[in-house]
Amino acid sequence: MKIKLISMLIIIIIIVTACGYKTPITDNETELIPDQCAVTSGFSCIDFQLTTDNLKISITNNMGTNITINETTITINEEEIMCETTTESVSDGENFGIVCIFNQNLELGTKQKISLTTNFYNNQGFNHEFTGSLNATVK
């Protein structure tokens, strides 16, 4: 009787331990994070789309001043890629687009973690930088 009771207690402990142990569903932790875009204060990420060969991002200038975009780069899979902007001069409150074309051959449906760096100067001529990060599903 004691052996049955001890055996049942051991089984219950094993089951409780197994239920409490959380393992990721995937090896890629990025897949667990929803699609999102976050940029430095003073800017807002409005929308974005990642395809197998390009990334498009729409951002709003909320700096309280006009800015001029110098250069934008993204890093994806440890490769730095130069991007184009839809306009160089951006008024306060105005949206601007960033388009990055690459040869990564990304697989449809996969999640990618991307970092963004944009250099700009304000109407006083001072150079600045804003950064951002995206978690995006390839569509």
# chains A, B, ... in the order shown; residues from 1 in each chain; ligands from 1
>>> residues_around(residues="Ile59 (chain A)", least_positions_apart="5", cutoff="9 Å", atoms="only C-alpha atoms", output="VMD selection string")
chain A and resid 39 43 to 48 94 to 98
>>> residues_around(residues="Ile81 (chain A)", least_positions_apart="4", cutoff="8 Å", atoms="only C-alpha atoms", output="list of chain:residue names")
A:Thr73, A:Ile74, A:Thr75, A:Ile76, A:Cys100, A:Ile101, A:Phe102
>>> residues_around(residues="Tyr121 (chain A)", least_positions_apart="6", cutoff="9 Å", atoms="only C-alpha atoms", output="PyMOL selection string")
chain A and resi 66-70+127-129
>>> residues_around(residues="Ala38 (chain A)", least_positions_apart="6", cutoff="10 Å", atoms="only C-alpha atoms", output="PyMOL selection string")
chain A and resi 44-46+115-116+131-135
>>> select_by_dssp(residues="chain A", states="strand (DSSP E)", output="PyMOL selection string")
chain A and resi 36-39+43-50+54-61+67-76+79-85+89-90+95-101+111-122+127-137
>>> residues_around(residues="Leu108 (chain A)", least_positions_apart="6", cutoff="12 Å", atoms="only C-alpha atoms", output="PyMOL selection string")
chain A and resi 50-53+136-139
>>> select_by_dssp(residues="chain A", states="alpha helix (DSSP H)", output="list in words")
Lys2, Ile3, Lys4, Leu5, Ile6, Ser7, Met8, Leu9, Ile10, Ile11, Ile12, Ile13, Ile14, Ile15, Val16, Thr17, Ala18, Cys19 and Gly20 of chain A
>>> residues_around(residues="Met63 (chain A)", least_positions_apart="4", cutoff="8 Å", atoms="only C-alpha atoms", output="ChimeraX atom specification")
/A:42-43,92-93
